[in-house]
Amino acid sequence: MYKPFVILRIILIFAGMIGTVYKSTGSWYLVKTEEGKEYKCRIKGKFRLKGIKSTNPIAVGDKVNFTLETNNDVETGIIDEIFDRKNYIIRKSVNLSKQTHIIAANIDQVFLLITIDNPPTFPSFIDRFLVTAEAYSIPCVLAFNKIDSYTEIERRAEVMYLKDIYENIGYECIEISAKEQKNVDAIKERMKGTVSMFAGHSGVGKSTLVNAIAPELNLKTKEISEQHKQGQHTTTFAEMFDLQFGAKIIDTPGIKGFGIVDMEKEEVDDYFPEFLALKNECKFNNCIHIEEPKCAIKDAVEEGEIAWSRYKSYLQIIEGDENNYRVDEFKDQ
Ligand code: GDP
Ligand code: ZN
């Protein structure tokens, strides 16, 4: 009776097990196998990744190989291998200048929530976000939230105007009302079988949407904002959740966007899909589309094929003008 169990255990130990990191607290990782079994795991010794100077070698979303060991009758795991990531998002560490902190890995898509007002989301913010998502190779869906409140024709026109710009360059746009549960099913459908994240300014309705999608989850957003009010410096960790309809989300408390990725001036146009499609037609192959003659991008802007707001965002990124988020940028001029 006992023997087969021992043999099975030995096989398991040698074969190792594969799982996904759902939570990380710095020293421990919660790893879930495909069968849905959770193990508390740690890393053995020093574990360095090639090419990334990071304070945490393993992040939420990572696929890992681990072996089991028994400590005081509790089964825990030791992570001995991390599988290649398809993408990851990082944040610069506060103290250590050159080190970065990996927030999450292997993200299938991010939903950027956009509102026309309360709060306003300006194109410069959307574009900066999209550039970062492109640089990270994370597909982005634009979700225009609070459509129930855009009763005035001007507000509707603004949604249509923005949707038109972003759909034309290949981004999927969905109009939703998280509060009135309009089109929330379209978001759920898009999420099935994937790992998703939600992003957007504070107040755009991220927690309302998550609650509408997965009431069972009840994300602790209130708790976190209470902690912030008390002025405590709390370290918040990303966490992955399985949703009942067969989707996963990664919740990253306190992270509204992706921050800014360091990039060279010359590579920014690679992350504007409509620029990338045209840049070979510029006279100079190192054209950065500002002063150069015979520039296909500038011509396209003049002819209205590239939205002026997109070009303006591009210039802001190139020139490093991060604070120039003015209200009048909202409309094409
Ligand atoms: P978060 O900061 O992005 O998590 O935003 P919240 O989910 O906390 O929402 C901020 C405010 O917007 C709350 O008062 C919500 O009730 C409201 N809100 C969220 N979604 C909608 C919506 O679809 N329509 C309207 N009218 N209000 C919404
Ligand atoms: Zn050019």
# chains A, B, ... in the order shown; residues from 1 in each chain; ligands from 1
call {"tool": "residues_near_ligand", "arguments": {"ligand": "ligand 2", "cutoff": "10 Å", "atoms": "only C-alpha atoms and all ligand atoms", "output": "ChimeraX atom specification"}}
result
/A:269,275,278-300
call {"tool": "write_last_selection", "arguments": {"atoms": "N, CA and C atoms", "output": "mmCIF file, in the first residue's frame"}}
result
data_model
loop_
_atom_site.group_PDB
_atom_site.id
_atom_site.type_symbol
_atom_site.label_atom_id
_atom_site.label_comp_id
_atom_site.auth_asym_id
_atom_site.auth_seq_id
_atom_site.Cartn_x
_atom_site.Cartn_y
_atom_site.Cartn_z
ATOM 1 N N ASP A 269 9.504 55.537 -32.883
ATOM 2 C CA ASP A 269 8.555 55.352 -33.999
ATOM 3 C C ASP A 269 8.167 53.883 -34.232
ATOM 4 N N PHE A 275 3.288 54.785 -37.737
ATOM 5 C CA PHE A 275 4.578 55.365 -38.129
ATOM 6 C C PHE A 275 5.466 54.241 -38.677
ATOM 7 N N LEU A 278 5.027 53.291 -42.196
ATOM 8 C CA LEU A 278 5.399 54.261 -43.226
ATOM 9 C C LEU A 278 6.872 54.645 -43.235
ATOM 10 N N LYS A 279 7.580 54.349 -42.153
ATOM 11 C CA LYS A 279 8.896 54.963 -41.979
ATOM 12 C C LYS A 279 9.918 54.585 -43.051
ATOM 13 N N ASN A 280 9.694 53.468 -43.727
ATOM 14 C CA ASN A 280 10.617 53.086 -44.803
ATOM 15 C C ASN A 280 10.545 54.039 -45.979
ATOM 16 N N GLU A 281 9.455 54.800 -46.028
ATOM 17 C CA GLU A 281 9.292 55.738 -47.139
ATOM 18 C C GLU A 281 9.934 57.096 -46.880
ATOM 19 N N CYS A 282 10.471 57.289 -45.676
ATOM 20 C CA CYS A 282 11.190 58.536 -45.395
ATOM 21 C C CYS A 282 12.492 58.521 -46.192
ATOM 22 N N LYS A 283 12.942 59.710 -46.610
ATOM 23 C CA LYS A 283 14.159 59.769 -47.446
ATOM 24 C C LYS A 283 15.367 59.228 -46.672
ATOM 25 N N PHE A 284 15.484 59.652 -45.409
ATOM 26 C CA PHE A 284 16.638 59.217 -44.618
ATOM 27 C C PHE A 284 16.251 58.039 -43.735
ATOM 28 N N ASN A 285 17.104 57.019 -43.751
ATOM 29 C CA ASN A 285 16.691 55.841 -42.977
ATOM 30 C C ASN A 285 16.847 56.027 -41.466
ATOM 31 N N ASN A 286 17.543 57.119 -41.076
ATOM 32 C CA ASN A 286 17.596 57.414 -39.636
ATOM 33 C C ASN A 286 16.688 58.602 -39.279
ATOM 34 N N CYS A 287 15.679 58.819 -40.119
ATOM 35 C CA CYS A 287 14.768 59.959 -39.931
ATOM 36 C C CYS A 287 14.018 59.821 -38.604
ATOM 37 N N ILE A 288 13.999 60.909 -37.815
ATOM 38 C CA ILE A 288 13.169 60.840 -36.615
ATOM 39 C C ILE A 288 11.936 61.763 -36.767
ATOM 40 N N HIS A 289 11.676 62.141 -37.991
ATOM 41 C CA HIS A 289 10.406 62.775 -38.388
ATOM 42 C C HIS A 289 10.161 64.124 -37.705
ATOM 43 N N ILE A 290 11.215 64.903 -37.557
ATOM 44 C CA ILE A 290 11.026 66.231 -36.970
ATOM 45 C C ILE A 290 11.396 67.306 -38.000
ATOM 46 N N GLU A 291 12.686 67.380 -38.342
ATOM 47 C CA GLU A 291 13.141 68.440 -39.234
ATOM 48 C C GLU A 291 13.534 67.930 -40.616
ATOM 49 N N GLU A 292 13.616 66.631 -40.755
ATOM 50 C CA GLU A 292 14.162 66.060 -41.986
ATOM 51 C C GLU A 292 13.261 66.352 -43.188
ATOM 52 N N PRO A 293 13.877 66.605 -44.362
ATOM 53 C CA PRO A 293 13.061 66.773 -45.565
ATOM 54 C C PRO A 293 12.561 65.424 -46.072
ATOM 55 N N LYS A 294 11.540 65.465 -46.907
ATOM 56 C CA LYS A 294 10.961 64.262 -47.513
ATOM 57 C C LYS A 294 10.672 63.182 -46.478
ATOM 58 N N CYS A 295 9.948 63.609 -45.459
ATOM 59 C CA CYS A 295 9.608 62.679 -44.385
ATOM 60 C C CYS A 295 8.176 62.181 -44.595
ATOM 61 N N ALA A 296 8.036 60.887 -44.750
ATOM 62 C CA ALA A 296 6.721 60.289 -45.039
ATOM 63 C C ALA A 296 5.744 60.472 -43.868
ATOM 64 N N ILE A 297 6.276 60.521 -42.674
ATOM 65 C CA ILE A 297 5.404 60.660 -41.501
ATOM 66 C C ILE A 297 4.803 62.071 -41.464
ATOM 67 N N LYS A 298 5.683 63.072 -41.644
ATOM 68 C CA LYS A 298 5.181 64.456 -41.621
ATOM 69 C C LYS A 298 4.185 64.703 -42.756
ATOM 70 N N ASP A 299 4.487 64.123 -43.925
ATOM 71 C CA ASP A 299 3.551 64.242 -45.054
ATOM 72 C C ASP A 299 2.190 63.647 -44.693
ATOM 73 N N ALA A 300 2.242 62.474 -44.047
ATOM 74 C CA ALA A 300 0.985 61.798 -43.677
ATOM 75 C C ALA A 300 0.204 62.612 -42.645
#
call {"tool": "residues_near_ligand", "arguments": {"ligand": "ligand 1", "cutoff": "10 Å", "atoms": "only C-alpha atoms and all ligand atoms", "output": "PyMOL selection string"}}
result
chain A and resi 113-115+118-119+144-150+175-182+184+198-212+219+221-222+225+253-254+256
call {"tool": "closest_residue", "arguments": {"among": "A:Glu264, A:Glu38, A:Glu75, A:Glu134", "to": "Gly320 of chain A", "atoms": "only C-alpha atoms"}}
result
A:Glu264
call {"tool": "select_by_dssp", "arguments": {"residues": "segment 56-304 of chain A", "states": "strand (DSSP E)", "output": "compact mmCIF listing (two decimals) with N, CA and C atoms, in the first residue's frame"}}
result
# COMPACT_ATOMS: atom_id res chain seq x y z
N LYS A 63 6.22 31.24 -15.28
CA LYS A 63 6.07 29.78 -15.27
C LYS A 63 7.37 29.21 -14.73
N VAL A 64 7.25 28.33 -13.77
CA VAL A 64 8.45 27.81 -13.12
C VAL A 64 8.39 26.29 -12.98
N ASN A 65 9.57 25.75 -12.79
CA ASN A 65 9.71 24.34 -12.48
C ASN A 65 10.13 24.28 -11.01
N PHE A 66 9.50 23.39 -10.25
CA PHE A 66 9.90 23.30 -8.84
C PHE A 66 9.89 21.86 -8.36
N THR A 67 10.65 21.60 -7.30
CA THR A 67 10.65 20.27 -6.71
C THR A 67 10.12 20.37 -5.29
N LEU A 68 9.49 19.31 -4.86
CA LEU A 68 8.85 19.34 -3.54
C LEU A 68 9.80 18.89 -2.45
N GLU A 69 9.61 19.45 -1.28
CA GLU A 69 10.30 18.94 -0.09
C GLU A 69 9.32 19.05 1.06
N THR A 70 9.54 18.25 2.07
CA THR A 70 8.62 18.28 3.20
C THR A 70 9.29 18.89 4.42
N ASN A 71 8.68 19.94 4.92
CA ASN A 71 9.18 20.60 6.13
C ASN A 71 8.13 20.47 7.21
N VAL A 74 4.79 19.73 6.19
CA VAL A 74 4.18 20.65 5.21
C VAL A 74 4.97 20.54 3.92
N GLU A 75 4.24 20.37 2.82
CA GLU A 75 4.93 20.27 1.53
C GLU A 75 5.19 21.65 0.98
N THR A 76 6.45 21.94 0.75
CA THR A 76 6.79 23.21 0.11
C THR A 76 7.63 22.91 -1.11
N GLY A 77 7.85 23.92 -1.92
CA GLY A 77 8.59 23.68 -3.16
C GLY A 77 9.84 24.53 -3.25
N ILE A 78 10.76 24.04 -4.03
CA ILE A 78 11.96 24.82 -4.32
C ILE A 78 11.99 25.06 -5.83
N ILE A 79 11.98 26.34 -6.19
CA ILE A 79 11.98 26.70 -7.61
C ILE A 79 13.39 26.55 -8.16
N ASP A 80 13.52 25.73 -9.20
CA ASP A 80 14.87 25.57 -9.74
C ASP A 80 15.01 26.02 -11.18
N GLU A 81 13.90 26.40 -11.78
CA GLU A 81 13.98 26.85 -13.17
C GLU A 81 12.85 27.81 -13.48
N ILE A 82 13.16 28.80 -14.27
CA ILE A 82 12.10 29.70 -14.72
C ILE A 82 12.05 29.63 -16.25
N TYR A 88 7.25 41.06 -19.96
CA TYR A 88 7.20 41.39 -18.54
C TYR A 88 7.18 42.89 -18.39
N ILE A 89 6.65 43.34 -17.28
CA ILE A 89 6.68 44.79 -17.03
C ILE A 89 7.54 45.05 -15.80
N ILE A 90 8.29 46.14 -15.88
CA ILE A 90 9.23 46.43 -14.79
C ILE A 90 9.01 47.83 -14.24
N ARG A 91 9.49 48.02 -13.06
CA ARG A 91 9.47 49.35 -12.45
C ARG A 91 10.86 49.58 -11.87
N LYS A 92 11.30 50.81 -11.98
CA LYS A 92 12.62 51.11 -11.39
C LYS A 92 12.51 51.04 -9.87
N THR A 100 15.92 47.12 -11.21
CA THR A 100 14.51 47.22 -11.54
C THR A 100 13.74 46.14 -10.79
N HIS A 101 12.47 46.36 -10.71
CA HIS A 101 11.61 45.40 -10.04
C HIS A 101 10.63 44.87 -11.09
N ILE A 102 10.58 43.58 -11.27
CA ILE A 102 9.66 43.02 -12.24
C ILE A 102 8.29 42.91 -11.58
N ILE A 103 7.31 43.57 -12.16
CA ILE A 103 5.98 43.58 -11.55
C ILE A 103 5.20 42.33 -11.93
N ALA A 104 5.21 42.00 -13.19
CA ALA A 104 4.45 40.84 -13.65
C ALA A 104 5.01 40.36 -14.98
N ALA A 105 4.73 39.09 -15.29
CA ALA A 105 5.26 38.50 -16.53
C ALA A 105 4.17 37.73 -17.25
N GLN A 109 -2.83 40.42 -22.35
CA GLN A 109 -3.41 41.69 -22.82
C GLN A 109 -3.66 42.62 -21.64
N VAL A 110 -3.62 43.90 -21.97
CA VAL A 110 -3.98 44.88 -20.96
C VAL A 110 -5.14 45.71 -21.49
N PHE A 111 -6.12 45.93 -20.63
CA PHE A 111 -7.25 46.79 -20.97
C PHE A 111 -6.95 48.17 -20.39
N LEU A 112 -6.85 49.15 -21.28
CA LEU A 112 -6.66 50.51 -20.78
C LEU A 112 -8.04 51.16 -20.68
N LEU A 113 -8.44 51.51 -19.48
CA LEU A 113 -9.74 52.16 -19.30
C LEU A 113 -9.57 53.65 -19.54
N ILE A 114 -10.49 54.17 -20.34
CA ILE A 114 -10.43 55.58 -20.74
C ILE A 114 -11.76 56.22 -20.42
N CYS A 140 -2.85 45.68 -26.33
CA CYS A 140 -3.65 46.59 -25.51
C CYS A 140 -5.03 46.79 -26.15
N VAL A 141 -6.05 46.69 -25.33
CA VAL A 141 -7.42 46.95 -25.78
C VAL A 141 -7.88 48.24 -25.08
N LEU A 142 -8.50 49.14 -25.84
CA LEU A 142 -8.97 50.38 -25.24
C LEU A 142 -10.44 50.23 -24.83
N ALA A 143 -10.72 50.39 -23.55
CA ALA A 143 -12.09 50.28 -23.07
C ALA A 143 -12.57 51.67 -22.63
N PHE A 144 -13.49 52.21 -23.43
CA PHE A 144 -14.05 53.53 -23.10
C PHE A 144 -15.16 53.32 -22.09
N CYS A 173 -11.23 48.69 -29.77
CA CYS A 173 -11.87 49.64 -28.86
C CYS A 173 -13.23 49.09 -28.46
N ILE A 174 -13.54 49.14 -27.17
CA ILE A 174 -14.84 48.67 -26.70
C ILE A 174 -15.45 49.77 -25.83
N GLU A 175 -16.71 50.09 -26.09
CA GLU A 175 -17.41 51.07 -25.24
C GLU A 175 -18.15 50.31 -24.16
N VAL A 195 -4.51 35.83 -19.71
CA VAL A 195 -4.10 36.56 -18.50
C VAL A 195 -4.20 38.05 -18.83
N SER A 196 -5.04 38.77 -18.11
CA SER A 196 -5.27 40.18 -18.41
C SER A 196 -4.90 41.09 -17.25
N MET A 197 -4.72 42.35 -17.61
CA MET A 197 -4.52 43.38 -16.59
C MET A 197 -5.42 44.57 -16.94
N PHE A 198 -5.78 45.35 -15.94
CA PHE A 198 -6.53 46.57 -16.16
C PHE A 198 -5.67 47.76 -15.78
N ALA A 199 -5.72 48.81 -16.59
CA ALA A 199 -4.94 49.99 -16.28
C ALA A 199 -5.77 51.23 -16.57
N GLU A 239 -0.75 40.37 -7.76
CA GLU A 239 -1.31 39.05 -7.48
C GLU A 239 -2.17 38.60 -8.65
N MET A 240 -2.11 37.30 -8.93
CA MET A 240 -2.92 36.77 -10.03
C MET A 240 -4.14 36.06 -9.45
N PHE A 241 -5.28 36.21 -10.12
CA PHE A 241 -6.50 35.56 -9.65
C PHE A 241 -7.13 34.75 -10.79
N ASP A 242 -7.66 33.58 -10.43
CA ASP A 242 -8.44 32.79 -11.38
C ASP A 242 -9.88 33.24 -11.30
N LEU A 243 -10.48 33.57 -12.42
CA LEU A 243 -11.89 33.97 -12.41
C LEU A 243 -12.76 32.78 -12.83
N ALA A 247 -10.80 32.83 -16.89
CA ALA A 247 -9.82 33.87 -17.23
C ALA A 247 -8.96 34.12 -16.00
N LYS A 248 -7.83 34.75 -16.24
CA LYS A 248 -6.98 35.14 -15.10
C LYS A 248 -6.75 36.64 -15.17
N ILE A 249 -6.71 37.28 -14.01
CA ILE A 249 -6.30 38.69 -14.02
C ILE A 249 -5.14 38.87 -13.06
N ILE A 250 -4.30 39.85 -13.40
CA ILE A 250 -3.23 40.23 -12.49
C ILE A 250 -3.61 41.59 -11.94
N ASP A 251 -3.70 41.65 -10.64
CA ASP A 251 -4.02 42.91 -9.97
C ASP A 251 -2.71 43.50 -9.46
call {"tool": "closest_residue", "arguments": {"among": "A:Lys188, A:Ile169, A:Gly304, A:Asn183", "to": "Phe272 of chain A", "atoms": "only C-alpha atoms"}}
result
A:Ile169
